[in-house]
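Containing mmCIF, C-alpha atoms: run_33.cif.
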data_upload
#
loop_
_atom_site.label_atom_id
_atom_site.label_comp_id
_atom_site.auth_asym_id
_atom_site.auth_seq_id
_atom_site.Cartn_x
_atom_site.Cartn_y
_atom_site.Cartn_z
CA MET A 1 104.52 66.15 123.36
CA LYS A 2 105.89 62.99 121.69
CA LYS A 3 102.63 61.19 122.45
CA ALA A 4 100.58 63.92 120.78
CA LEU A 5 102.83 64.12 117.71
CA ILE A 6 102.85 60.34 117.28
CA ALA A 7 99.04 60.26 117.53
CA GLY A 8 98.77 62.96 114.87
CA LEU A 9 101.12 61.07 112.54
CA LEU A 10 99.20 57.83 113.07
CA ALA A 11 95.91 59.57 112.21
CA PHE A 12 97.53 60.89 109.03
CA VAL A 13 98.86 57.50 107.94
CA MET A 14 95.71 55.54 108.81
CA GLY A 15 93.41 57.88 106.86
CA TRP A 16 95.63 58.25 103.80
CA SER A 17 94.39 57.32 100.40
CA SER A 18 95.42 58.41 96.92
CA ALA A 19 93.24 60.70 94.80
CA ALA A 20 90.40 58.81 93.18
CA VAL A 21 90.52 58.24 89.43
CA PRO A 22 87.44 59.86 87.85
CA SER A 23 84.96 57.34 86.54
CA TYR A 24 81.38 57.48 85.39
CA ALA A 25 78.47 55.09 85.65
CA GLU A 26 74.84 55.01 84.69
CA GLU A 27 72.26 56.02 87.25
CA ASN A 28 70.95 53.02 89.14
CA ILE A 29 68.30 54.16 91.61
CA ASN A 30 67.04 51.91 94.42
CA THR A 31 69.40 49.12 93.49
CA GLY A 32 70.00 46.39 96.03
CA GLY A 33 72.80 44.16 94.80
CA SER A 34 76.01 44.71 92.89
CA SER A 35 75.85 45.44 89.19
CA GLN A 36 78.23 46.68 86.51
CA GLY A 37 76.45 50.02 86.24
CA GLU A 38 76.31 50.58 90.00
CA LEU A 39 78.02 53.66 91.38
CA ALA A 40 78.88 52.21 94.80
CA PRO A 41 79.25 48.43 94.23
CA SER A 42 81.28 47.68 97.36
CA ALA A 43 79.29 49.77 99.83
CA ARG A 44 76.65 48.21 102.05
CA SER A 45 74.51 51.32 101.60
CA ALA A 46 74.82 54.61 99.73
CA ILE A 47 72.97 57.73 98.63
CA LEU A 48 73.69 60.75 96.42
CA LEU A 49 71.66 63.96 96.39
CA ASP A 50 71.97 67.66 95.75
CA ALA A 51 72.09 69.74 98.92
CA ASP A 52 69.99 72.62 97.62
CA THR A 53 66.74 70.85 96.74
CA GLY A 54 67.34 67.48 98.40
CA THR A 55 66.69 65.68 95.10
CA ILE A 56 67.98 62.10 95.27
CA ILE A 57 70.13 61.17 92.28
CA TYR A 58 71.13 57.67 93.35
CA GLU A 59 70.48 55.38 96.28
CA LYS A 60 71.33 51.84 97.30
CA ASN A 61 69.80 50.25 100.41
CA SER A 62 69.54 53.83 101.66
CA HIS A 63 67.07 53.07 104.47
CA ASP A 64 68.97 50.11 105.94
CA LYS A 65 69.59 50.69 109.64
CA LEU A 66 73.34 50.39 110.19
CA PRO A 67 75.96 51.42 112.78
CA PRO A 68 77.31 54.83 111.67
CA ALA A 69 80.51 54.99 113.73
CA SER A 70 81.87 58.56 113.87
CA ILE A 71 79.43 59.88 111.27
CA THR A 72 77.30 60.25 114.42
CA LYS A 73 79.33 63.41 115.07
CA ILE A 74 77.47 65.20 112.26
CA MET A 75 74.54 65.49 114.65
CA THR A 76 76.87 66.61 117.43
CA MET A 77 78.24 69.35 115.16
CA LEU A 78 74.73 70.25 114.02
CA LEU A 79 73.50 70.86 117.58
CA THR A 80 76.68 72.84 118.30
CA MET A 81 76.20 75.09 115.25
CA GLU A 82 72.53 75.50 116.13
CA ALA A 83 73.46 76.66 119.64
CA ILE A 84 75.95 79.15 118.18
CA ASP A 85 73.39 80.43 115.68
CA GLU A 86 70.79 80.94 118.44
CA GLY A 87 73.27 82.80 120.64
CA ARG A 88 73.37 80.14 123.37
CA LEU A 89 77.04 79.52 122.62
CA LYS A 90 79.97 81.52 121.24
CA LEU A 91 82.99 80.21 119.36
CA THR A 92 85.17 81.88 122.00
CA ASP A 93 83.41 80.25 124.96
CA LYS A 94 85.61 77.96 127.05
CA VAL A 95 84.71 74.28 127.31
CA ARG A 96 86.02 72.38 130.33
CA THR A 97 86.91 68.71 129.95
CA SER A 98 85.39 66.39 132.54
CA GLU A 99 86.97 63.16 133.79
CA TYR A 100 84.35 61.28 131.78
CA ALA A 101 85.06 63.16 128.53
CA ALA A 102 88.80 62.66 128.93
CA SER A 103 88.28 58.90 129.42
CA MET A 104 86.95 58.31 125.89
CA GLY A 105 88.96 55.85 123.83
CA GLY A 106 89.33 55.58 120.07
CA SER A 107 89.97 58.72 118.04
CA GLN A 108 90.76 61.60 120.37
CA ILE A 109 92.65 64.84 120.79
CA PHE A 110 93.99 63.68 124.17
CA LEU A 111 92.15 66.13 126.37
CA GLU A 112 93.24 66.12 130.00
CA PRO A 113 90.69 66.25 132.85
CA GLY A 114 90.10 69.91 133.66
CA GLU A 115 91.66 71.12 130.40
CA GLU A 116 89.85 73.97 128.69
CA MET A 117 89.55 74.71 125.00
CA THR A 118 87.31 77.12 123.10
CA VAL A 119 84.20 75.95 121.27
CA GLU A 120 86.03 76.63 118.00
CA GLU A 121 88.97 74.44 119.03
CA MET A 122 86.60 71.66 120.06
CA LEU A 123 84.84 71.91 116.68
CA LYS A 124 88.20 71.52 114.94
CA GLY A 125 88.94 68.48 117.09
CA ILE A 126 85.58 66.91 116.22
CA ALA A 127 85.47 67.79 112.53
CA MET A 128 89.09 67.05 111.62
CA ALA A 129 90.43 64.52 114.14
CA SER A 130 87.07 62.90 115.00
CA GLY A 131 87.78 63.46 118.68
CA ASN A 132 85.52 61.30 120.85
CA ASP A 133 86.69 63.23 123.91
CA ALA A 134 85.97 66.60 122.26
CA SER A 135 82.48 65.38 121.29
CA VAL A 136 81.59 64.47 124.87
CA ALA A 137 83.06 67.72 126.20
CA MET A 138 80.85 69.69 123.78
CA ALA A 139 77.82 67.57 124.65
CA GLU A 140 78.32 68.32 128.34
CA LYS A 141 78.82 72.02 127.63
CA ILE A 142 75.51 72.25 125.74
CA ALA A 143 73.26 69.91 127.72
CA GLY A 144 75.02 69.26 131.05
CA THR A 145 75.46 65.53 130.51
CA GLU A 146 75.99 63.29 127.51
CA GLU A 147 72.68 61.54 128.28
CA ALA A 148 70.79 64.84 128.12
CA PHE A 149 72.59 65.74 124.89
CA VAL A 150 71.70 62.39 123.30
CA LYS A 151 68.07 63.16 124.10
CA LEU A 152 68.46 66.39 122.12
CA MET A 153 70.07 64.42 119.28
CA ASN A 154 67.10 62.07 119.04
CA GLU A 155 64.64 64.95 119.28
CA LYS A 156 66.42 66.72 116.41
CA ALA A 157 66.43 63.51 114.38
CA ALA A 158 62.65 63.22 114.85
CA GLU A 159 62.20 66.88 113.91
CA LEU A 160 64.13 66.28 110.67
CA GLY A 161 62.08 63.18 109.84
CA MET A 162 64.98 60.77 110.36
CA LYS A 163 62.87 57.64 110.83
CA ASP A 164 65.75 55.14 110.54
CA THR A 165 67.78 56.63 113.40
CA HIS A 166 68.34 56.13 117.10
CA PHE A 167 71.35 57.59 118.92
CA VAL A 168 72.81 56.24 122.15
CA ASN A 169 75.95 58.41 122.37
CA CYS A 170 77.35 61.56 120.79
CA ASN A 171 80.48 60.13 119.16
CA GLY A 172 79.57 56.83 117.51
CA LEU A 173 81.56 54.47 119.71
CA PRO A 174 80.01 50.98 119.44
CA ALA A 175 76.79 50.65 121.46
CA ASP A 176 73.64 48.56 121.31
CA ASN A 177 70.66 50.21 119.61
CA HIS A 178 72.81 52.97 118.06
CA TYR A 179 71.98 53.11 114.37
CA THR A 180 71.04 55.27 111.40
CA SER A 181 70.82 54.99 107.60
CA ALA A 182 72.53 56.54 104.58
CA HIS A 183 69.30 58.42 103.88
CA ASP A 184 69.12 59.89 107.39
CA ILE A 185 72.81 60.77 107.36
CA ALA A 186 72.21 62.71 104.15
CA VAL A 187 69.29 64.51 105.81
CA MET A 188 71.33 65.66 108.81
CA SER A 189 74.32 66.46 106.58
CA ARG A 190 72.11 68.71 104.48
CA GLU A 191 70.85 70.42 107.63
CA LEU A 192 74.40 70.94 108.93
CA LEU A 193 75.41 72.56 105.64
CA LYS A 194 72.82 75.29 106.21
CA TYR A 195 75.39 76.68 108.65
CA GLU A 196 77.91 77.91 106.11
CA GLY A 197 80.67 78.35 108.69
CA ILE A 198 80.92 74.60 109.32
CA THR A 199 82.98 73.93 106.19
CA LYS A 200 85.73 76.12 107.65
CA TYR A 201 86.38 73.17 109.95
CA THR A 202 85.22 70.14 107.94
CA GLY A 203 87.02 71.37 104.81
CA ALA A 204 90.40 72.15 106.41
CA TYR A 205 93.10 69.59 105.69
CA GLN A 206 95.42 70.32 108.61
CA ASP A 207 95.72 72.59 111.63
CA TYR A 208 97.07 72.62 115.18
CA LEU A 209 95.61 72.58 118.66
CA ARG A 210 97.66 73.90 121.60
CA LYS A 211 100.02 75.33 118.97
CA ASP A 212 101.96 77.65 121.25
CA THR A 213 102.11 75.30 124.23
CA PRO A 214 104.49 72.51 125.30
CA LYS A 215 101.90 69.97 124.02
CA PRO A 216 100.96 70.93 120.44
CA PHE A 217 98.63 68.54 118.63
CA TRP A 218 98.77 68.24 114.86
CA LEU A 219 95.33 67.87 113.29
CA VAL A 220 95.09 66.08 109.94
CA ASN A 221 91.62 65.67 108.48
CA THR A 222 90.50 62.04 108.43
CA ASN A 223 88.60 62.87 105.21
CA LYS A 224 91.35 62.97 102.59
CA LEU A 225 88.91 64.02 99.84
CA VAL A 226 89.12 67.60 101.12
CA ARG A 227 92.66 67.62 99.75
CA PHE A 228 92.39 65.30 96.76
CA TYR A 229 88.93 65.97 95.30
CA THR A 230 88.34 69.40 93.79
CA GLY A 231 85.46 71.15 95.54
CA ALA A 232 85.24 68.76 98.51
CA ASP A 233 84.95 70.50 101.89
CA GLY A 234 83.48 67.98 104.33
CA LEU A 235 81.89 66.35 106.14
CA LYS A 236 82.71 63.30 108.32
CA THR A 237 84.39 59.91 108.19
CA GLY A 238 83.62 56.91 110.37
CA TYR A 239 85.09 53.50 111.14
CA THR A 240 84.54 50.67 113.59
CA SER A 241 85.02 46.96 112.99
CA GLU A 242 81.23 46.58 112.96
CA ALA A 243 80.38 49.63 110.79
CA LYS A 244 83.36 49.22 108.44
CA PHE A 245 84.43 52.34 106.53
CA CYS A 246 81.81 55.09 106.25
CA LEU A 247 81.82 58.62 104.88
CA SER A 248 79.37 61.46 104.48
CA ALA A 249 81.01 63.82 102.03
CA THR A 250 80.08 67.05 100.30
CA ALA A 251 81.55 68.88 97.33
CA LYS A 252 80.59 71.98 95.35
CA ARG A 253 81.25 72.86 91.73
CA ASP A 254 79.62 75.38 89.38
CA GLY A 255 76.87 76.21 91.85
CA LEU A 256 75.93 72.56 92.47
CA ARG A 257 76.57 71.20 95.97
CA THR A 258 76.23 67.46 96.35
CA ILE A 259 76.12 65.13 99.35
CA ALA A 260 77.34 61.55 98.99
CA VAL A 261 77.07 58.98 101.78
CA VAL A 262 78.74 55.56 101.70
CA MET A 263 78.38 53.04 104.54
CA GLY A 264 80.04 49.67 105.10
CA ALA A 265 82.86 49.97 102.55
CA PRO A 266 85.65 47.37 102.98
CA ASP A 267 88.54 49.84 103.24
CA THR A 268 89.45 53.54 103.08
CA LYS A 269 90.55 53.52 99.45
CA THR A 270 87.35 51.85 98.23
CA ARG A 271 85.24 54.20 100.33
CA ASN A 272 86.94 57.29 98.91
CA ASN A 273 86.87 55.96 95.35
CA GLU A 274 83.15 55.23 95.51
CA VAL A 275 82.31 58.64 96.96
CA SER A 276 84.47 60.22 94.24
CA ARG A 277 82.59 58.20 91.64
CA LEU A 278 79.28 59.46 93.01
CA PHE A 279 80.54 63.04 92.85
CA ASP A 280 81.87 62.57 89.33
CA TYR A 281 78.53 61.29 88.16
CA ALA A 282 76.60 64.19 89.71
CA PHE A 283 78.87 66.90 88.34
CA SER A 284 79.12 65.41 84.87
CA GLN A 285 75.42 64.68 84.43
CA TYR A 286 73.51 67.31 86.41
CA ALA A 287 73.24 71.08 86.80
CA MET A 288 71.12 73.55 88.76
CA HIS A 289 68.48 75.45 86.76
CA SER A 290 67.48 78.79 88.28
CA ILE A 291 63.78 79.65 88.55
CA TYR A 292 64.05 82.77 90.73
CA LYS A 293 67.02 84.62 92.21
CA PRO A 294 66.95 86.26 95.67
CA GLY A 295 65.12 89.57 95.59
CA GLU A 296 63.09 88.91 92.46
CA VAL A 297 59.39 89.77 92.83
CA LEU A 298 57.10 86.74 92.76
CA GLY A 299 53.86 88.64 93.14
CA VAL A 300 51.76 91.17 95.04
CA LEU A 301 49.15 89.63 97.31
CA LYS A 302 46.07 91.40 98.70
CA VAL A 303 45.33 90.94 102.40
CA GLU A 304 41.71 91.35 103.43
CA LYS A 305 41.20 93.59 106.46
CA GLY A 306 44.95 93.91 106.93
CA SER A 307 46.83 96.84 108.48
CA VAL A 308 48.35 97.06 104.99
CA PRO A 309 46.17 96.23 101.99
CA GLU A 310 48.77 94.12 100.19
CA ILE A 311 52.22 92.58 100.54
CA THR A 312 54.95 92.18 97.95
CA ILE A 313 56.40 88.69 97.87
CA GLN A 314 60.06 88.47 96.87
CA ALA A 315 62.26 85.41 96.52
CA ASP A 316 64.04 85.00 99.86
CA LYS A 317 66.55 82.55 98.42
CA GLU A 318 67.60 80.86 95.19
CA TYR A 319 64.75 78.80 93.80
CA ASN A 320 66.49 76.12 91.74
CA VAL A 321 65.74 72.69 90.37
CA LEU A 322 68.17 69.91 89.56
CA VAL A 323 68.11 68.92 85.90
CA LYS A 324 70.03 66.59 83.61
CA LYS A 325 72.53 68.52 81.52
CA THR A 326 71.00 66.90 78.45
CA ALA A 327 67.50 68.21 79.34
CA LYS A 328 65.92 70.92 77.20
CA THR A 329 65.57 73.87 79.58
CA GLU A 330 62.82 75.35 77.41
CA ASP A 331 60.65 72.43 78.59
CA ILE A 332 60.95 73.69 82.17
CA ARG A 333 58.09 75.91 83.30
CA HIS A 334 56.70 77.07 86.62
CA GLU A 335 53.41 78.13 88.14
CA LEU A 336 52.68 80.35 91.13
CA GLN A 337 49.60 79.52 93.18
CA TRP A 338 48.49 81.82 96.00
CA ASN A 339 46.10 80.95 98.79
CA GLU A 340 42.72 82.46 97.98
CA GLY A 341 41.04 84.97 100.27
CA LEU A 342 44.05 85.74 102.49
CA LYS A 343 42.77 87.52 105.59
CA ALA A 344 44.55 89.33 108.40
CA PRO A 345 46.08 88.58 110.75
CA VAL A 346 48.95 86.99 108.81
CA ALA A 347 52.03 85.73 110.67
CA ALA A 348 55.53 86.22 109.34
CA GLY A 349 56.55 82.88 107.82
CA GLN A 350 52.95 81.76 107.29
CA VAL A 351 52.50 79.66 104.14
CA ILE A 352 50.57 81.74 101.61
CA GLY A 353 51.17 79.87 98.37
CA LYS A 354 53.41 77.54 96.42
CA LEU A 355 55.75 77.51 93.45
CA SER A 356 55.41 74.43 91.24
CA VAL A 357 58.10 73.60 88.68
CA TYR A 358 57.38 71.28 85.75
CA GLN A 359 59.46 69.63 83.07
CA GLY A 360 56.97 69.02 80.33
CA ASP A 361 53.93 67.64 82.16
CA ALA A 362 55.95 66.13 85.01
CA LEU A 363 56.08 67.92 88.37
CA VAL A 364 59.76 68.34 89.26
CA LYS A 365 59.63 70.31 92.51
CA GLU A 366 57.27 72.27 94.74
CA PHE A 367 58.32 75.10 97.03
CA GLU A 368 56.21 76.55 99.84
CA LEU A 369 55.98 80.36 99.74
CA THR A 370 55.66 82.25 102.99
CA SER A 371 54.79 85.77 104.09
CA PRO A 372 57.89 87.90 104.63
CA VAL A 373 56.14 90.09 107.20
CA GLU A 374 53.48 90.05 109.87
CA VAL A 375 50.23 91.74 108.86
CA LYS A 376 47.95 92.64 111.76
CA LYS A 377 44.24 93.11 111.45
CA ALA A 378 43.31 96.72 110.68
CA GLY A 379 41.22 98.68 113.16
CA PHE A 380 37.72 99.92 112.46
CA TRP A 381 38.79 103.47 111.64
CA LYS A 382 41.44 102.36 109.15
CA LEU A 383 39.01 100.01 107.43
CA PHE A 384 36.38 102.77 107.35
CA LYS A 385 38.80 105.22 105.74
CA ARG A 386 39.93 102.58 103.26
CA THR A 387 36.33 101.77 102.27
CA THR A 388 35.24 105.39 101.93
CA GLY A 389 38.43 106.16 100.04
CA LYS A 390 37.49 103.55 97.46
CA LEU A 391 33.93 104.87 97.25
CA PHE A 392 35.05 108.42 96.60
CA HIS A 393 38.34 107.54 94.86
CA VAL A 394 40.27 109.28 97.64
CA ASP A 395 43.58 108.13 99.03
#

Now that the file is in, can you turn its structure into structure tokens?
Amino acid sequence: MKKALIAGLLAFVMGWSSAAVPSYAEENINTGGSSQGELAPSARSAILLDADTGTIIYEKNSHDKLPPASITKIMTMLLTMEAIDEGRLKLTDKVRTSEYAASMGGSQIFLEPGEEMTVEEMLKGIAMASGNDASVAMAEKIAGTEEAFVKLMNEKAAELGMKDTHFVNCNGLPADNHYTSAHDIAVMSRELLKYEGITKYTGAYQDYLRKDTPKPFWLVNTNKLVRFYTGADGLKTGYTSEAKFCLSATAKRDGLRTIAVVMGAPDTKTRNNEVSRLFDYAFSQYAMHSIYKPGEVLGVLKVEKGSVPEITIQADKEYNVLVKKTAKTEDIRHELQWNEGLKAPVAAGQVIGKLSVYQGDALVKEFELTSPVEVKKAGFWKLFKRTTGKLFHVD
């Protein structure tokens, strides 16, 4: 018990940093070196974007391939949440710790060989305490072996278009050929945030594992911004002597959710201050502008030779664009373009048009529009009745 409590206290002390003082800087996109107006001057690499549209607000060396340390665990959590969402895994499922998982060094929750915890408890251990042992235990639960799980990680990275990334393990412990970039970290962070339940774990400041046992383990989130920065609720810290201090963080205010990634900062305080500065800039300078709200009708589209003659297209989500707060919203306009001559059969989810948003003459964002339903091809008799009905004005 003493060992577990001491480890928890050490994690708390090591990760501690004071709340960042708000500061603002001018946008400096694609900058390489340090400058007075730079938002992340001490970081080796950085990126800032809004999670909804993926619009990049700021980036610095964002495609440099660097060791990510424990930020690797974002992909581990992503594959875990995906398995839960698909019904292959439940939060209440038991996860058994192998000898190999228990042998992991570095940050850990001190799992014993043969010890069992639920998926939810393992997620807490990964998200809050950055448990290397918990990460391997989850990897083995999902894929059988860590090697098989890493294959899934790289396949998911390719699926998401993460071209600067190659994973060798599931926890970020130093290894040859294990790398990613600030840009790719932002991509997988954005994907992880699609699972809304994840911030229950990444945004918690403290909790316990084995609470009602002789060996309780105090969890204190390694990401202190979840306590000290208003709206912050994730995602993952990282540190090795090679990677230096890294953080992929997210915060939400007034309907705007941002993702800020900093890699290679010299210390915890600088890392947290620079992420806070990125957040401050986003929230002070930008806002989301709504184009369509969920449920609003976008149009009615005819389907040639379909089992139904037309389909009503409604917004299936918020259609927003990121704009400067100083921008004139009356300059923002949008156009709907539907695919001509749509013929059955039409698959649910098939792209049938696009929504283009302009600010003045500049294209700001394009959204693909998809069919909400499957439309099968109508049979001869139905088409005959429909045709004769039109001829004789009969329903």

Mind checking which residues fall within 12 Å of stretch 117-123 of chain A, counting only C-alpha atoms, ignoring those fewer than 3 positions away in the same chain, and posting them as a compact mmCIF listing (two decimals) with C-alpha atoms, in the frame of the given file?
# COMPACT_ATOMS: atom_id res chain seq x y z
CA LYS A 73 79.33 63.41 115.07
CA ILE A 74 77.47 65.20 112.26
CA THR A 76 76.87 66.61 117.43
CA MET A 77 78.24 69.35 115.16
CA LEU A 78 74.73 70.25 114.02
CA LEU A 79 73.50 70.86 117.58
CA THR A 80 76.68 72.84 118.30
CA MET A 81 76.20 75.09 115.25
CA ALA A 83 73.46 76.66 119.64
CA ILE A 84 75.95 79.15 118.18
CA ARG A 88 73.37 80.14 123.37
CA LEU A 89 77.04 79.52 122.62
CA LYS A 90 79.97 81.52 121.24
CA LEU A 91 82.99 80.21 119.36
CA THR A 92 85.17 81.88 122.00
CA ASP A 93 83.41 80.25 124.96
CA LYS A 94 85.61 77.96 127.05
CA VAL A 95 84.71 74.28 127.31
CA ARG A 96 86.02 72.38 130.33
CA THR A 97 86.91 68.71 129.95
CA SER A 98 85.39 66.39 132.54
CA GLN A 108 90.76 61.60 120.37
CA ILE A 109 92.65 64.84 120.79
CA PHE A 110 93.99 63.68 124.17
CA LEU A 111 92.15 66.13 126.37
CA GLU A 112 93.24 66.12 130.00
CA PRO A 113 90.69 66.25 132.85
CA GLY A 114 90.10 69.91 133.66
CA ILE A 126 85.58 66.91 116.22
CA ALA A 127 85.47 67.79 112.53
CA MET A 128 89.09 67.05 111.62
CA ALA A 129 90.43 64.52 114.14
CA SER A 130 87.07 62.90 115.00
CA GLY A 131 87.78 63.46 118.68
CA ASN A 132 85.52 61.30 120.85
CA ASP A 133 86.69 63.23 123.91
CA ALA A 134 85.97 66.60 122.26
CA SER A 135 82.48 65.38 121.29
CA VAL A 136 81.59 64.47 124.87
CA ALA A 137 83.06 67.72 126.20
CA MET A 138 80.85 69.69 123.78
CA ALA A 139 77.82 67.57 124.65
CA GLU A 140 78.32 68.32 128.34
CA LYS A 141 78.82 72.02 127.63
CA ILE A 142 75.51 72.25 125.74
CA GLY A 197 80.67 78.35 108.69
CA ILE A 198 80.92 74.60 109.32
CA THR A 199 82.98 73.93 106.19
CA LYS A 200 85.73 76.12 107.65
CA TYR A 201 86.38 73.17 109.95
CA THR A 202 85.22 70.14 107.94
CA ALA A 204 90.40 72.15 106.41
CA ASP A 207 95.72 72.59 111.63
CA TYR A 208 97.07 72.62 115.18
CA LEU A 209 95.61 72.58 118.66
CA ARG A 210 97.66 73.90 121.60
CA LYS A 211 100.02 75.33 118.97
CA PHE A 217 98.63 68.54 118.63
CA LEU A 219 95.33 67.87 113.29

Starting from the point (72.2, 58.0, 104.6), work out which residues of protein, DNA or RNA have an atom no more than 9 Å away when counting only C-alpha atoms; state them as a PDB file with C-alpha atoms, in the frame of the given file.
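Dumped everything to out_32.pdb:
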ATOM      1  CA  SER A  45      74.510  51.320 101.600  1.00  0.00           C
ATOM      2  CA  ALA A  46      74.820  54.610  99.730  1.00  0.00           C
ATOM      3  CA  ILE A  47      72.970  57.730  98.630  1.00  0.00           C
ATOM      4  CA  LEU A  48      73.690  60.750  96.420  1.00  0.00           C
ATOM      5  CA  GLU A  59      70.480  55.380  96.280  1.00  0.00           C
ATOM      6  CA  SER A  62      69.540  53.830 101.660  1.00  0.00           C
ATOM      7  CA  HIS A  63      67.070  53.070 104.470  1.00  0.00           C
ATOM      8  CA  ASP A  64      68.970  50.110 105.940  1.00  0.00           C
ATOM      9  CA  THR A 180      71.040  55.270 111.400  1.00  0.00           C
ATOM     10  CA  SER A 181      70.820  54.990 107.600  1.00  0.00           C
ATOM     11  CA  ALA A 182      72.530  56.540 104.580  1.00  0.00           C
ATOM     12  CA  HIS A 183      69.300  58.420 103.880  1.00  0.00           C
ATOM     13  CA  ASP A 184      69.120  59.890 107.390  1.00  0.00           C
ATOM     14  CA  ILE A 185      72.810  60.770 107.360  1.00  0.00           C
ATOM     15  CA  ALA A 186      72.210  62.710 104.150  1.00  0.00           C
ATOM     16  CA  VAL A 187      69.290  64.510 105.810  1.00  0.00           C
ATOM     17  CA  MET A 188      71.330  65.660 108.810  1.00  0.00           C
ATOM     18  CA  SER A 189      74.320  66.460 106.580  1.00  0.00           C
ATOM     19  CA  SER A 248      79.370  61.460 104.480  1.00  0.00           C
ATOM     20  CA  ALA A 260      77.340  61.550  98.990  1.00  0.00           C
ATOM     21  CA  VAL A 261      77.070  58.980 101.780  1.00  0.00           C
ATOM     22  CA  VAL A 262      78.740  55.560 101.700  1.00  0.00           C
ATOM     23  CA  MET A 263      78.380  53.040 104.540  1.00  0.00           C
TER      24      MET A 263
END

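Around A:Gly255, within 12 Å and counting only C-alpha atoms, the residues found are Asp50, Ala51, Asp52, Gly231, Ala251, Lys252, Arg253, Arg257, Thr258, Phe283, Tyr286, Ala287, Met288, His289, Ser290, Glu318, Asn320, Val321 and Leu322 of chain A, once anything fewer than 2 positions away on its own chain is removed.
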
Shell around A:Pro68 at 7 Å using all atoms listed in the file, local window under 3 positions removed, as JSON, numbers by chain: {"A": [71, 72, 172, 179, 180, 238, 243]}

Output for the residues just chosen: C-alpha atoms as a CSV table (one decimal), keeping the file's coordinate frame:
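What follows is the written file out-v3.csv:
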chain,number,residue,atom,x,y,z
A,71,ILE,CA,79.4,59.9,111.3
A,72,THR,CA,77.3,60.2,114.4
A,172,GLY,CA,79.6,56.8,117.5
A,179,TYR,CA,72.0,53.1,114.4
A,180,THR,CA,71.0,55.3,111.4
A,238,GLY,CA,83.6,56.9,110.4
A,243,ALA,CA,80.4,49.6,110.8

Best match for closeness to A:Ala282 among A:Leu256, A:Ala249, A:Ala157, A:Ala265, counting all atoms listed in the file: A:Leu256

Contacts of A:Leu342 within 10 Å, only C-alpha atoms, excl. fewer than 4 positions in-chain, as a ChimeraX atom specification: /A:301-306,310,338,346,352

Closest of A:Lys163, A:Arg190, A:His334, A:Lys236 to A:Gly125 - atom-to-atom distances counting all atoms listed in the file: A:Lys236

Please supply stretch 341-353 of chain A, rebuilt with N, CA and C atoms, as a short mmCIF file (atom, residue, chain, number, x, y, z; two decimals), keeping the file's coordinate frame.
data_model
loop_
_atom_site.label_atom_id
_atom_site.label_comp_id
_atom_site.auth_asym_id
_atom_site.auth_seq_id
_atom_site.Cartn_x
_atom_site.Cartn_y
_atom_site.Cartn_z
N GLY A 341 41.72 84.32 99.15
CA GLY A 341 41.04 84.97 100.27
C GLY A 341 41.90 85.12 101.51
N LEU A 342 43.16 85.56 101.34
CA LEU A 342 44.05 85.74 102.49
C LEU A 342 43.53 86.87 103.38
N LYS A 343 43.31 86.55 104.65
CA LYS A 343 42.77 87.52 105.59
C LYS A 343 43.73 87.75 106.75
N ALA A 344 43.74 89.00 107.22
CA ALA A 344 44.55 89.33 108.40
C ALA A 344 43.87 88.74 109.65
N PRO A 345 44.63 88.38 110.67
CA PRO A 345 46.08 88.58 110.75
C PRO A 345 46.87 87.49 110.00
N VAL A 346 48.04 87.90 109.50
CA VAL A 346 48.95 86.99 108.81
C VAL A 346 50.28 86.99 109.57
N ALA A 347 50.76 85.83 109.93
CA ALA A 347 52.03 85.73 110.67
C ALA A 347 53.20 85.73 109.71
N ALA A 348 54.31 86.31 110.13
CA ALA A 348 55.53 86.22 109.34
C ALA A 348 55.92 84.75 109.23
N GLY A 349 56.20 84.29 108.03
CA GLY A 349 56.55 82.88 107.82
C GLY A 349 55.36 81.99 107.54
N GLN A 350 54.15 82.55 107.58
CA GLN A 350 52.95 81.76 107.29
C GLN A 350 52.92 81.38 105.82
N VAL A 351 52.57 80.13 105.54
CA VAL A 351 52.50 79.66 104.14
C VAL A 351 51.32 80.34 103.45
N ILE A 352 51.61 80.99 102.33
CA ILE A 352 50.57 81.74 101.61
C ILE A 352 50.45 81.30 100.15
N GLY A 353 51.26 80.33 99.75
CA GLY A 353 51.17 79.87 98.37
C GLY A 353 52.25 78.86 98.08
#
